[in-house]
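S.K.: Sharing a structure with you now.
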Amino acid sequence: MSFPFETYTYDVAIIGTGGAGLRAACTAAEAGLSVICLSKVPPTRSHTVAAQGGINAALGNRLPDRWQWHMYDTIRGGDWLSDQDAVGFMCERAPAAILELEHMGMPFTRDEAGQIYQRAYGGQRTEFGKGALAYRACAVADRTGHALLHTLYAKALAAGVAFASECMALDLVFSEDGACRGVLSWVLENGELQLLRAHKTIIATGGFGQAWVATTSSSICTGDGGGMILRAGLPLQDMEFVQFHPTSLYGTGILITEGARGEGAYLLNREGERFMQRYAPSFMELASRDVVARAMAIEIQEGRGCGDKRDHLHLSLDHLDAAYVREKLPAVMDIARTFAGIDATRAPIPVVPAVHYTMGGIASNAQSEVIDRHGDAVPGLLVIGEAACNSVHGANRLGCNSLLDLVVFGQAAGEACARSIRPRMPHAMLGRDALEKPLAHLARLREAKGSASPSALRRKMQGVMQVHAGIFRNAALLEEGVDKLRGIAERFRQDLRMDDRSLLWNHSLLAALELDNLLLQAMAAMESALTRTESRGAHWRQDFPTRNDEAWLVHSLAWFEDERVRCGTRNVRMVSGSDQVFLPEARVY
Ligand code: FUM
């Protein structure tokens, strides 16, 4: 196999141009470092653009709030699996991170006093869970991710960040001593392969929600960073924890923001009952997402779903003031009208839970350094955003902590680069064989001569994940899921069909590369779910329906050896910079 490639050198290479990648790029470039951001799509099409309801910070603009209450809610929401040093860092830095965004020009919605508007979100209260609802989600109406992404992109351009759009990251490139020295990428528009040499490579590639059929994640969310990590023999962490957002628009998977419930919308079953009173009498529709999604699944399973097929529920906003809904939730109004023909101020929106966020991801420490399965940092390699499991979100993420995670850890990763790199310092030597494995991987897929198309295999995998790694799990379901995924992976290895062998906008090759990444992560998720014999957060085992802190207050690790998933564990970091540590309690909403 011979592939010509060009080499380009930067101080920092960032894979992904969502909120995390752009936030890191701004800080690194402002420190004088040369930075390249590469992405499959133009930056403003990154999936962050789809985030709707807000970004958390204890600003206390509406009611008094404290970052320690935010920290407690995050740890309780995560069912005590969060690494508490990372959570403390994120919640303490949140107010400053929001003010920085405001100063960059992010057009936050304002309250009557002209301050940043904050709304309520699920699982969040004051006084360490015992007080009133917390109003913590800073919002730009219900298009917060859109505003964030455009603000950061403008800032990154002004800071001199270079962009390589419509480029697929193929694999990380390591030197013999195990340090990451950059990334090999494929430029779709001209077919060039590029070795981007960098002192620090930052993975910001997002989650792998596209492994399921019903998902709010856009089609680009194929977890390409996680795939590269597994091919490099490094571990992923907590892959069994997958968040189902309670309200996706029935039949489409499009997100209907939790901000709607934060503004007073409620859920009804076919009998017109506000059924959440039976599942979470205190928090109701603003219980944490895992609790609400399970309640909805039970309502549907027990025949109380709406419509002829009884397969969805109703989100009702029609009791709210119509002008208020139009002002605060314009995207909800647009989505309901465009995709369901509904005026949400007059009729309920049909909704079902859909995969929304993958809490698991690339194992990392609180400094965002990628770690190996012994906990040692991999030199030169950082990970931020949904791709990372560092682990602030534990077993279940709170709404509006995702955008916060992106900007806080994005900025911290940029700062880490600025601390450790002198601008334009020389690059280490790289042996000729460093590209051997990445190029062989590309060649194997490009030359495939079998009969199964990447899209057919992707659909099969999505179907398996939907049925076998859904809201409710048990050993028999998961074992069958493991077998089916192994079969699909075998077919992918032995019988893949590649119709187009060019390197110019080759969509089949792109689909095969994405499927490879998805399949590896789907297998890691299914086997991790089978291994964890307890229920915690979003991972619900019907055969082990309680949390078991004695055996399972640990992170799971999953990596590949001889094409098989291997599983291990890592301790939860129950320490924090402020000496504030929250010990496990019963999790009641
Ligand atoms: O529902 C939402 O607005 C989603 C927010 C989030 O996932 O953080």
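How things are named: the first chain in the structure tokens is A, the next is B, and so on; residues count from 1 in each chain; ligands count from 1 in the order shown.
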When DSSP is applied to the backbone of this structure, which of region 333-450 of chain A are assigned helix (DSSP H, G or I)? Write them out as a CSV table (one decimal) with C-alpha atoms, in the first residue's frame.

M.R.:
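Once written, part_26.csv looks like this:
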chain,number,residue,atom,x,y,z
A,333,MET,CA,-42.6,26.4,18.4
A,334,ASP,CA,-40.7,26.2,15.1
A,335,ILE,CA,-39.9,22.5,15.4
A,336,ALA,CA,-43.4,21.5,16.4
A,337,ARG,CA,-44.9,23.5,13.5
A,338,THR,CA,-42.4,22.4,10.9
A,339,PHE,CA,-42.1,18.8,11.7
A,340,ALA,CA,-45.4,17.9,13.3
A,385,GLY,CA,-16.3,17.7,25.7
A,386,GLU,CA,-18.6,14.8,25.1
A,387,ALA,CA,-15.7,12.7,23.7
A,401,ASN,CA,-24.0,20.8,32.2
A,402,SER,CA,-22.8,19.8,28.7
A,403,LEU,CA,-22.3,23.3,27.3
A,404,LEU,CA,-20.6,24.2,30.6
A,405,ASP,CA,-18.3,21.2,30.4
A,406,LEU,CA,-17.3,22.2,26.9
A,407,VAL,CA,-16.3,25.7,27.7
A,408,VAL,CA,-14.7,25.1,31.1
A,409,PHE,CA,-12.6,22.1,30.1
A,410,GLY,CA,-12.0,23.6,26.6
A,411,GLN,CA,-10.5,26.7,28.2
A,412,ALA,CA,-8.5,24.6,30.7
A,413,ALA,CA,-7.1,22.5,27.9
A,414,GLY,CA,-6.0,25.6,26.0
A,415,GLU,CA,-4.4,26.9,29.1
A,416,ALA,CA,-2.5,23.6,29.6
A,417,CYS,CA,-1.2,23.9,26.1
A,418,ALA,CA,-0.1,27.5,26.7
A,419,ARG,CA,1.7,26.4,29.9
A,420,SER,CA,3.7,23.5,28.3
A,432,ARG,CA,9.0,6.1,9.4
A,433,ASP,CA,6.8,3.3,10.7
A,434,ALA,CA,4.6,5.7,12.8
A,435,LEU,CA,2.1,5.9,10.0
A,436,GLU,CA,2.1,2.2,9.1
A,437,LYS,CA,-1.0,1.2,11.2
A,438,PRO,CA,-3.1,4.3,10.3
A,439,LEU,CA,-2.4,3.8,6.6
A,440,ALA,CA,-3.0,0.1,6.7
A,441,HIS,CA,-6.4,0.8,8.4
A,442,LEU,CA,-7.4,3.1,5.6
A,443,ALA,CA,-6.2,0.7,2.9
A,444,ARG,CA,-8.1,-2.2,4.3
A,445,LEU,CA,-11.4,-0.3,4.1
A,446,ARG,CA,-10.7,1.3,0.8

S.K.: Could you give me, as a ChimeraX atom specification, the residues within 6 Å of region 104-109 of chain A, counting only C-alpha atoms and dropping anything in the same chain fewer than 3 positions from it?

M.R.: /A:101,116-117,139-141,151

S.K.: Write out as CSV the residues of chain A that have any atom within 10 Å of an atom of ligand 1, one row each with the nearest atom pair and its distance in Å to one decimal, counting only C-alpha atoms and all ligand atoms, sorted by chain and then rising number.

M.R.:
residue,atom,partner,partner_atom_place_in_ligand_line,distance
A:Thr48,CA,ligand 1,6 (C),9.9
A:Ala50,CA,ligand 1,4 (C),8.7
A:Ala51,CA,ligand 1,5 (C),5.7
A:Gln52,CA,ligand 1,3 (O),4.3
A:Gly53,CA,ligand 1,3 (O),3.5
A:Gly54,CA,ligand 1,3 (O),6.3
A:Ile55,CA,ligand 1,8 (O),7.1
A:Asn56,CA,ligand 1,8 (O),8.7
A:Tyr121,CA,ligand 1,1 (O),8.7
A:Gly122,CA,ligand 1,1 (O),9.4
A:Ala137,CA,ligand 1,8 (O),9.2
A:Ala139,CA,ligand 1,3 (O),9.6
A:Asp142,CA,ligand 1,3 (O),7.2
A:Arg143,CA,ligand 1,3 (O),8.7
A:Thr144,CA,ligand 1,3 (O),8.5
A:Gly145,CA,ligand 1,5 (C),9.0
A:Thr216,CA,ligand 1,4 (C),9.7
A:Gln243,CA,ligand 1,7 (O),9.2
A:Phe244,CA,ligand 1,7 (O),9.9
A:His245,CA,ligand 1,1 (O),7.3
A:Pro246,CA,ligand 1,1 (O),8.6
A:Thr247,CA,ligand 1,1 (O),7.7
A:Ser248,CA,ligand 1,1 (O),9.0
A:Leu255,CA,ligand 1,1 (O),6.8
A:Ile256,CA,ligand 1,1 (O),6.3
A:Thr257,CA,ligand 1,1 (O),3.4
A:Glu258,CA,ligand 1,1 (O),3.7
A:Gly259,CA,ligand 1,3 (O),5.4
A:Ala260,CA,ligand 1,1 (O),8.0
A:Arg261,CA,ligand 1,1 (O),8.9
A:Gly262,CA,ligand 1,1 (O),9.4
A:Arg289,CA,ligand 1,7 (O),9.4
A:His356,CA,ligand 1,7 (O),7.1
A:Tyr357,CA,ligand 1,7 (O),7.2
A:Arg397,CA,ligand 1,7 (O),8.0
A:Leu398,CA,ligand 1,8 (O),6.8
A:Gly399,CA,ligand 1,8 (O),3.8
A:Cys400,CA,ligand 1,8 (O),3.5
A:Asn401,CA,ligand 1,8 (O),5.6
A:Ser402,CA,ligand 1,8 (O),4.9
A:Leu403,CA,ligand 1,8 (O),6.4
A:Leu404,CA,ligand 1,8 (O),8.6
A:Asp405,CA,ligand 1,8 (O),9.8

S.K.: Kindly export the residues of the current selection with C-alpha atoms, as a PDB file, in the first residue's frame.

M.R.:
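After the write, part-v1.pdb holds the following:
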ATOM      1  CA  THR A  48     -23.067  21.973  19.580  1.00  0.00           C
ATOM      2  CA  ALA A  50     -28.218  21.764  18.280  1.00  0.00           C
ATOM      3  CA  ALA A  51     -28.003  22.469  22.032  1.00  0.00           C
ATOM      4  CA  GLN A  52     -31.067  24.398  23.032  1.00  0.00           C
ATOM      5  CA  GLY A  53     -32.000  25.189  26.606  1.00  0.00           C
ATOM      6  CA  GLY A  54     -28.962  26.689  28.307  1.00  0.00           C
ATOM      7  CA  ILE A  55     -25.633  26.501  30.090  1.00  0.00           C
ATOM      8  CA  ASN A  56     -25.442  26.104  33.873  1.00  0.00           C
ATOM      9  CA  TYR A 121     -33.657  22.572  34.733  1.00  0.00           C
ATOM     10  CA  GLY A 122     -34.040  18.993  35.898  1.00  0.00           C
ATOM     11  CA  ALA A 137     -29.435  27.576  33.138  1.00  0.00           C
ATOM     12  CA  ALA A 139     -30.121  30.872  28.064  1.00  0.00           C
ATOM     13  CA  ASP A 142     -33.862  28.065  23.258  1.00  0.00           C
ATOM     14  CA  ARG A 143     -30.988  28.393  20.789  1.00  0.00           C
ATOM     15  CA  THR A 144     -28.126  28.566  23.265  1.00  0.00           C
ATOM     16  CA  GLY A 145     -25.775  26.154  21.465  1.00  0.00           C
ATOM     17  CA  THR A 216     -31.154  13.540  19.004  1.00  0.00           C
ATOM     18  CA  GLN A 243     -28.567   9.272  28.378  1.00  0.00           C
ATOM     19  CA  PHE A 244     -32.063   9.059  26.926  1.00  0.00           C
ATOM     20  CA  HIS A 245     -33.512  12.571  26.720  1.00  0.00           C
ATOM     21  CA  PRO A 246     -37.175  12.345  27.719  1.00  0.00           C
ATOM     22  CA  THR A 247     -38.535  14.605  24.993  1.00  0.00           C
ATOM     23  CA  SER A 248     -37.608  14.042  21.384  1.00  0.00           C
ATOM     24  CA  LEU A 255     -34.844  17.469  20.478  1.00  0.00           C
ATOM     25  CA  ILE A 256     -37.643  19.318  22.252  1.00  0.00           C
ATOM     26  CA  THR A 257     -35.698  21.135  24.916  1.00  0.00           C
ATOM     27  CA  GLU A 258     -36.012  20.332  28.609  1.00  0.00           C
ATOM     28  CA  GLY A 259     -36.184  24.131  28.838  1.00  0.00           C
ATOM     29  CA  ALA A 260     -39.873  23.700  27.931  1.00  0.00           C
ATOM     30  CA  ARG A 261     -40.414  21.809  31.187  1.00  0.00           C
ATOM     31  CA  GLY A 262     -38.214  24.391  32.926  1.00  0.00           C
ATOM     32  CA  ARG A 289     -33.456  12.767  32.874  1.00  0.00           C
ATOM     33  CA  HIS A 356     -29.115  12.227  23.618  1.00  0.00           C
ATOM     34  CA  TYR A 357     -25.725  12.013  25.298  1.00  0.00           C
ATOM     35  CA  ARG A 397     -25.635  14.121  33.113  1.00  0.00           C
ATOM     36  CA  LEU A 398     -27.736  17.074  34.250  1.00  0.00           C
ATOM     37  CA  GLY A 399     -29.245  19.187  31.488  1.00  0.00           C
ATOM     38  CA  CYS A 400     -27.141  22.291  30.660  1.00  0.00           C
ATOM     39  CA  ASN A 401     -23.975  20.846  32.187  1.00  0.00           C
ATOM     40  CA  SER A 402     -22.825  19.805  28.724  1.00  0.00           C
ATOM     41  CA  LEU A 403     -22.255  23.283  27.288  1.00  0.00           C
ATOM     42  CA  LEU A 404     -20.610  24.185  30.590  1.00  0.00           C
ATOM     43  CA  ASP A 405     -18.298  21.160  30.401  1.00  0.00           C
TER      44      ASP A 405
END

S.K.: Measuring atom to atom with only C-alpha atoms, identify which of A:Met284, A:Leu553, A:Leu320, A:Ala162 is nearest to Gly123 (chain A).

M.R.: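 Closest to Gly123 (chain A), using only C-alpha atoms: A:Met284.
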
S.K.: Would you mind listing what lies within 10 Å of Ile371 (chain A) as a PyMOL selection string, with only C-alpha atoms counted and same-chain residues fewer than 2 positions away left out?

M.R.: chain A and resi 234-236+362-365+368-369+373-379+381-383+390

S.K.: Which of these, A:Arg422, A:Met498, A:Gly481, A:Ala395, has the shortest distance to Ser451 (chain A) once you count only C-alpha atoms?

M.R.: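 Checking each of A:Arg422, A:Met498, A:Gly481, A:Ala395 against Ser451 (chain A), counting only C-alpha atoms, the winner is A:Met498.
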
S.K.: Can you work out the spacing between CA of Arg270 (chain A) and CA of Val464 (chain A) in Å, to one decimal?

M.R.: 29.1 Å

S.K.: If you count only C-alpha atoms, which residues fall within 10 Å of Thr569 (chain A), apart from same-chain ones fewer than 6 positions away, as an NGL selection string?

M.R.: :A and (237-238 or 373-374 or 552-558)

S.K.: Each residue of region 375-476 of chain A lying at most 10 Å from region 511-533 of chain A should get a row with its shortest atom-to-atom pair and the distance in Å to one decimal, counting only C-alpha atoms; could you produce that, ordered by chain and increasing number, as a Markdown table?

M.R.:
| residue | atom | partner | partner_atom | distance |
| --- | --- | --- | --- | --- |
| A:His441 | CA | A:Leu513 | CA | 9.1 |
| A:Leu442 | CA | A:Leu513 | CA | 8.0 |
| A:Leu445 | CA | A:Ala512 | CA | 6.9 |
| A:Arg446 | CA | A:Ala512 | CA | 8.7 |
| A:Ala448 | CA | A:Ala512 | CA | 10.0 |
| A:Ser453 | CA | A:Ala512 | CA | 8.4 |
| A:Pro454 | CA | A:Ala512 | CA | 5.2 |
| A:Ser455 | CA | A:Ala511 | CA | 7.0 |
| A:Leu457 | CA | A:Leu515 | CA | 8.0 |
| A:Arg458 | CA | A:Leu515 | CA | 6.2 |
| A:Arg459 | CA | A:Leu515 | CA | 9.9 |
| A:Met461 | CA | A:Leu519 | CA | 7.2 |
| A:Gln462 | CA | A:Ala522 | CA | 8.9 |
| A:Val464 | CA | A:Ala522 | CA | 9.4 |
| A:Met465 | CA | A:Ala522 | CA | 7.3 |
| A:His468 | CA | A:Met526 | CA | 8.0 |
| A:Ala469 | CA | A:Met526 | CA | 6.4 |
| A:Arg473 | CA | A:Ala529 | CA | 8.1 |
| A:Asn474 | CA | A:Leu530 | CA | 7.7 |
| A:Ala475 | CA | A:Leu530 | CA | 6.2 |
| A:Ala476 | CA | A:Leu530 | CA | 9.1 |

S.K.: Suppose you want the space between CA of Leu170 (chain A) and CA of Ala489 (chain A); what is it in Å?

M.R.: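 About the pair CA of Leu170 (chain A) and CA of Ala489 (chain A): they are 18.7 Å apart.
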
S.K.: Where does DSSP see strand (DSSP E or B) in region 496-578 of chain A, if you list the residues as a PyMOL selection string?

M.R.: chain A and resi 496-497+536+539-541+544+554-561+564-571

S.K.: Would you mind reading off the distance between CA of Val49 (chain A) and CA of Leu149 (chain A), one decimal, in Å?

M.R.: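 We find that CA of Val49 (chain A) and CA of Leu149 (chain A) lie 6.1 Å from each other.
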
S.K.: Which one of A:Leu313, A:Ala452, A:Cys221, A:Val325 sits closest to Gly18 (chain A) if you count only C-alpha atoms?

M.R.: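 Answer, going by the shortest atom-to-atom distance: A:Cys221.
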
S.K.: Could you tell me which of A:Ala20, A:Ala198, A:Ala28, A:Leu268 comes closest to Gly305 (chain A) if we count only C-alpha atoms?

M.R.: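 When distances to Gly305 (chain A) are compared using only C-alpha atoms, the smallest one comes from A:Leu268.
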